[in-house]
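Reviewing the structure listed below.
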Amino acid sequence: MTLILASASPRRRELLAQLGLGNAAFQFSVQPADIDESLRAGEAPAPFVRRLALEKAQAGLAASADANAVVLGSDTIVVCNDTILGKPADSDEAFAMLSSLSGRTHQVMTAVALCSAARTESVLVCTEVTFTALTAAQIHAYIASGEPMDKAGAYGIQGLGGSFVKQLQGSYSAVVGLPLVETRELLQKMHII
Ligand SMILES: Cc1cn([C@H]2C[C@H](O)[C@@H](COP(=O)(O)OP(=O)(O)OP(=O)(O)O)O2)c(=O)[nH]c1=O
């Protein structure tokens with residue numbers, strides 16, 4: 001049995017390795033899945049992030065030559081005042097996203113899906129994150145660091161963005177990109193570990 005991580009995210013690779021899967025006894029391989037990540041008309045945040053995780057896992061399974069493969073797909077979005085924030089397209093969008101997060105509480109939703117030829121399991125983890133108030137100068141300096149650009153909501157809690165987080169209720173690892181407790185439970189459910 002092969003476990004394939006259908007993700008280009010270095011954070012997800014590191015988090016999966018934290019579950020002890022990247023050792024000599026158990027290897028996983030990484031094969032990013034390229035899917036259309038656009039929101040459908042009328043689609044709410046929770047079903048949207050679940051669908052993307054599932055589609056990444058399904059695309060990974062379809063691309064795999066191994067009939068026994070189990071594929072893990074995951075997606076993270078930030079939801080602020082019912083608006084979905086994905087990755088910023090440019091620094092103006094990053095500025096707008098960080099301004100909207102400043103001094104407020106938002107939700108980070110991460111979905112994980114595991115697909116094999118016979119079975120699919122998935123989970124959604126929602127975490128509440130409260131940002132301290134940020135000045136325009138702080139936001140500009142943060143954007144200049146380059147950190148926001150490949151991250152949902154234009155911040156990384158595991159990096160410089162961590163100093164903006166006043167309070168967190170839920171799963172820290174889910175905010176980074178892969179909820180450790182829930183992913184372990186899914187892997188157990190699928191009899192992978
Ligand atoms: C909120 C937040 C997001 N992120 C990252 C996690 C995800 O990598 C990214 C959200 O984009 P995703 O589209 O979920 O993932 P990805 O494109 O990086 O990787 P793939 O689709 O191949 O799995 O934002 C952080 O690293 N730290 C944070 O604090």
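Here's how to read the names in the structure tokens: chain A, B, ... by the order shown, residue numbers from 1 in each chain, ligand numbers from 1 in the order shown.
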Practice task
Please provide as number ranges by chain all residues within 12 Å of range 127-132 of chain A, with the sequence filter that same-chain residues fewer than 3 positions apart are discarded (counting only C-alpha atoms).
Solution key: A: 76-80, 98-111, 124, 135, 138-139, 153, 155, 157, 161-179
Since we have the selection now, will you write its residues out, keeping C-alpha atoms, as a tab-separated table (two decimals), in the first residue's frame?
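Heads up, here's the output in selection.tsv:
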```tsv
chain	number	residue	atom	x	y	z
A	76	THR	CA	-7.28	25.51	3.61
A	77	ILE	CA	-9.32	28.69	3.36
A	78	VAL	CA	-9.73	31.72	5.58
A	79	VAL	CA	-13.26	33.02	6.13
A	80	CYS	CA	-13.69	36.58	7.37
A	98	LEU	CA	-4.69	41.61	6.03
A	99	SER	CA	-6.61	44.87	6.59
A	100	SER	CA	-9.86	42.91	6.81
A	101	LEU	CA	-8.31	40.48	9.33
A	102	SER	CA	-6.84	43.27	11.52
A	103	GLY	CA	-8.40	43.45	15.00
A	104	ARG	CA	-11.01	40.78	14.18
A	105	THR	CA	-11.78	37.11	14.63
A	106	HIS	CA	-11.87	34.93	11.50
A	107	GLN	CA	-12.25	31.22	10.78
A	108	VAL	CA	-9.65	28.99	9.17
A	109	MET	CA	-11.22	25.94	7.55
A	110	THR	CA	-9.07	23.00	6.57
A	111	ALA	CA	-10.54	19.90	4.96
A	124	LEU	CA	-13.41	19.40	8.16
A	135	THR	CA	-1.17	49.38	11.24
A	138	GLN	CA	3.02	46.78	9.72
A	139	ILE	CA	0.99	45.27	6.88
A	153	GLY	CA	-5.68	34.79	4.01
A	155	TYR	CA	-0.55	35.11	6.43
A	157	ILE	CA	0.82	31.55	11.59
A	161	GLY	CA	2.42	36.22	10.85
A	162	GLY	CA	2.36	34.36	14.17
A	163	SER	CA	2.90	37.64	15.99
A	164	PHE	CA	-0.46	38.93	14.68
A	165	VAL	CA	-2.38	36.12	16.37
A	166	LYS	CA	-3.78	37.18	19.73
A	167	GLN	CA	-5.97	34.14	20.28
A	168	LEU	CA	-6.63	30.77	18.69
A	169	GLN	CA	-9.42	28.33	19.41
A	170	GLY	CA	-9.14	25.02	17.62
A	171	SER	CA	-6.26	23.32	15.82
A	172	TYR	CA	-2.95	25.12	15.24
A	173	SER	CA	-1.76	22.46	12.77
A	174	ALA	CA	-5.01	22.85	10.78
A	175	VAL	CA	-4.24	26.55	10.36
A	176	VAL	CA	-0.77	25.67	9.04
A	177	GLY	CA	-2.40	23.27	6.55
A	178	LEU	CA	-3.06	19.80	8.01
A	179	PRO	CA	-4.83	18.99	11.31
```
Practice task
Show which residues sit within 9 Å of Arg50 in chain A, as a list of chain:residue names. Count only C-alpha atoms, and ignore same-chain residues fewer than 3 positions away.
Solution key: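 Contacts, with the query itself left out: A:Pro45, A:Ala46, A:Pro47, A:Ala53, A:Leu54, A:Glu55, A:Ser74, A:Asp75, A:Thr110, A:Ala111, A:Val112, A:Ala113, A:Ser122, A:Val123, A:Leu124.
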Export of the given selection (N, CA and C atoms) as a CSV table (one decimal), in the first residue's frame:
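The result, stored in selection18.csv:
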```
chain,number,residue,atom,x,y,z
A,45,PRO,N,-18.7,28.4,2.3
A,45,PRO,CA,-17.3,28.0,2.6
A,45,PRO,C,-17.0,26.6,2.9
A,46,ALA,N,-17.8,26.0,3.9
A,46,ALA,CA,-17.5,24.6,4.3
A,46,ALA,C,-17.6,23.6,3.2
A,47,PRO,N,-18.8,23.6,2.4
A,47,PRO,CA,-18.8,22.6,1.3
A,47,PRO,C,-17.7,22.9,0.3
A,53,ALA,N,-10.7,19.6,-1.2
A,53,ALA,CA,-9.9,18.5,-0.6
A,53,ALA,C,-10.2,17.2,-1.3
A,54,LEU,N,-11.5,16.9,-1.5
A,54,LEU,CA,-11.9,15.7,-2.1
A,54,LEU,C,-11.4,15.6,-3.6
A,55,GLU,N,-11.6,16.7,-4.3
A,55,GLU,CA,-11.2,16.7,-5.7
A,55,GLU,C,-9.6,16.5,-5.9
A,74,SER,N,-5.9,17.9,0.6
A,74,SER,CA,-6.3,18.8,1.7
A,74,SER,C,-6.4,20.3,1.1
A,75,ASP,N,-7.3,21.1,1.7
A,75,ASP,CA,-7.4,22.5,1.3
A,75,ASP,C,-7.7,23.3,2.6
A,110,THR,N,-9.9,23.9,7.3
A,110,THR,CA,-9.1,23.0,6.6
A,110,THR,C,-9.8,21.7,6.4
A,111,ALA,N,-9.9,21.2,5.2
A,111,ALA,CA,-10.5,19.9,5.0
A,111,ALA,C,-9.5,18.9,4.5
A,112,VAL,N,-9.6,17.7,4.9
A,112,VAL,CA,-8.7,16.6,4.5
A,112,VAL,C,-9.6,15.5,4.0
A,113,ALA,N,-9.2,14.9,2.9
A,113,ALA,CA,-9.9,13.8,2.3
A,113,ALA,C,-8.9,12.7,2.0
A,122,SER,N,-13.5,11.8,4.9
A,122,SER,CA,-13.0,13.2,4.9
A,122,SER,C,-13.4,13.8,6.3
A,123,VAL,N,-12.7,14.9,6.5
A,123,VAL,CA,-13.0,15.7,7.8
A,123,VAL,C,-12.8,17.1,7.5
A,124,LEU,N,-13.6,17.9,8.2
A,124,LEU,CA,-13.4,19.4,8.2
A,124,LEU,C,-13.1,19.9,9.5
```
Practice task
Just list the residues in range 70-140 of chain A DSSP gives helix (DSSP H, G or I) on the backbone, as JSON, numbers by chain.
Solution key: {"A": [91, 92, 93, 94, 95, 96, 97, 98, 99, 100, 101, 136, 137, 138, 139, 140]}
Problem - Residues flagged strand (DSSP E or B) by DSSP in range 79-181 of chain A, as an MDAnalysis selection string - result: chainID A and resid 79:80 83:85 105:115 120:131 165:169
Could you write out the selected residues, including C-alpha atoms, as a PDB file, in the first residue's frame?
```pdb
ATOM      1  CA  VAL A  79     -13.259  33.017   6.131  1.00  0.00           C
ATOM      2  CA  CYS A  80     -13.687  36.580   7.371  1.00  0.00           C
ATOM      3  CA  THR A  83     -15.961  36.203   2.720  1.00  0.00           C
ATOM      4  CA  ILE A  84     -13.604  33.454   1.568  1.00  0.00           C
ATOM      5  CA  LEU A  85      -9.966  34.482   1.421  1.00  0.00           C
ATOM      6  CA  THR A 105     -11.777  37.107  14.634  1.00  0.00           C
ATOM      7  CA  HIS A 106     -11.870  34.929  11.504  1.00  0.00           C
ATOM      8  CA  GLN A 107     -12.245  31.223  10.777  1.00  0.00           C
ATOM      9  CA  VAL A 108      -9.646  28.994   9.174  1.00  0.00           C
ATOM     10  CA  MET A 109     -11.218  25.944   7.548  1.00  0.00           C
ATOM     11  CA  THR A 110      -9.066  22.996   6.570  1.00  0.00           C
ATOM     12  CA  ALA A 111     -10.542  19.897   4.961  1.00  0.00           C
ATOM     13  CA  VAL A 112      -8.714  16.593   4.543  1.00  0.00           C
ATOM     14  CA  ALA A 113      -9.872  13.760   2.280  1.00  0.00           C
ATOM     15  CA  LEU A 114      -8.466  10.257   1.940  1.00  0.00           C
ATOM     16  CA  CYS A 115      -9.405   8.270  -1.168  1.00  0.00           C
ATOM     17  CA  THR A 120     -13.392   7.780   0.779  1.00  0.00           C
ATOM     18  CA  GLU A 121     -13.207   9.462   4.181  1.00  0.00           C
ATOM     19  CA  SER A 122     -12.985  13.160   4.927  1.00  0.00           C
ATOM     20  CA  VAL A 123     -12.959  15.653   7.776  1.00  0.00           C
ATOM     21  CA  LEU A 124     -13.411  19.402   8.158  1.00  0.00           C
ATOM     22  CA  VAL A 125     -11.669  21.327  10.925  1.00  0.00           C
ATOM     23  CA  CYS A 126     -12.677  24.900  11.729  1.00  0.00           C
ATOM     24  CA  THR A 127     -10.440  27.097  13.903  1.00  0.00           C
ATOM     25  CA  GLU A 128     -11.191  30.581  15.226  1.00  0.00           C
ATOM     26  CA  VAL A 129      -8.254  32.975  15.001  1.00  0.00           C
ATOM     27  CA  THR A 130      -8.213  36.511  16.435  1.00  0.00           C
ATOM     28  CA  PHE A 131      -5.779  39.064  15.031  1.00  0.00           C
ATOM     29  CA  VAL A 165      -2.381  36.116  16.374  1.00  0.00           C
ATOM     30  CA  LYS A 166      -3.780  37.182  19.729  1.00  0.00           C
ATOM     31  CA  GLN A 167      -5.971  34.137  20.278  1.00  0.00           C
ATOM     32  CA  LEU A 168      -6.630  30.770  18.690  1.00  0.00           C
ATOM     33  CA  GLN A 169      -9.417  28.333  19.412  1.00  0.00           C
TER      34      GLN A 169
END
```
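Counting only C-alpha atoms and all ligand atoms, the residue from A:Ala8, A:Val71, A:Ala57, A:Ile143 that sits nearest to ligand 1 is A:Ala8.
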Practice task
Using only C-alpha atoms and all ligand atoms, pick whichever of A:Leu5, A:Ala62, A:Met190, A:Val181 has the shortest atom-to-atom distance to ligand 1.
Solution key: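 Looking only at the distances to ligand 1, the closest residue turns out to be A:Leu5.
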Handout entry: Counting only C-alpha atoms, the residue of A:Ala89, A:Ala59, A:Leu72, A:Leu187 that sits nearest Leu19 in chain A
Key =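 The answer is A:Leu187, which sits nearest to Leu19 in chain A.
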Practice task
Please identify all polymer residues within 9 Å of Leu61 in chain A, counting only C-alpha atoms, omitting same-chain residues fewer than 3 positions from it, and present them as a ChimeraX atom specification.
Solution key: /A:4,6,56-58,64-67,69-72,115-117
Keeping only C-alpha atoms, write the selected residues to a file as a JSON list (two decimals), in the first residue's frame.
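Writing the result to out39.json gives the following:
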```
[["chain", "number", "residue", "atom", "x", "y", "z"],
["A", 4, "ILE", "CA", 0.30, 9.59, -1.74],
["A", 6, "ALA", "CA", -1.58, 15.10, -3.37],
["A", 56, "LYS", "CA", -7.42, 16.91, -4.96],
["A", 57, "ALA", "CA", -7.51, 13.38, -3.51],
["A", 58, "GLN", "CA", -9.60, 12.05, -6.42],
["A", 64, "SER", "CA", -1.71, 7.12, -9.78],
["A", 65, "ALA", "CA", -0.57, 3.95, -11.51],
["A", 66, "ASP", "CA", -0.83, 2.05, -8.21],
["A", 67, "ALA", "CA", -4.24, 0.38, -7.83],
["A", 69, "ALA", "CA", -2.78, 3.67, -3.48],
["A", 70, "VAL", "CA", -4.48, 5.78, -0.84],
["A", 71, "VAL", "CA", -4.35, 9.49, -1.65],
["A", 72, "LEU", "CA", -4.57, 12.40, 0.79],
["A", 115, "CYS", "CA", -9.41, 8.27, -1.17],
["A", 116, "SER", "CA", -8.69, 4.69, -2.16],
["A", 117, "ALA", "CA", -10.30, 2.74, -4.99]]
```
Problem - Top pick for closest residue to Ser91 in chain A, considering A:Glu147, A:Glu185, A:Asp34, A:Glu14 and counting only C-alpha atoms - result: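 Smallest distance to Ser91 in chain A is found for A:Glu147.
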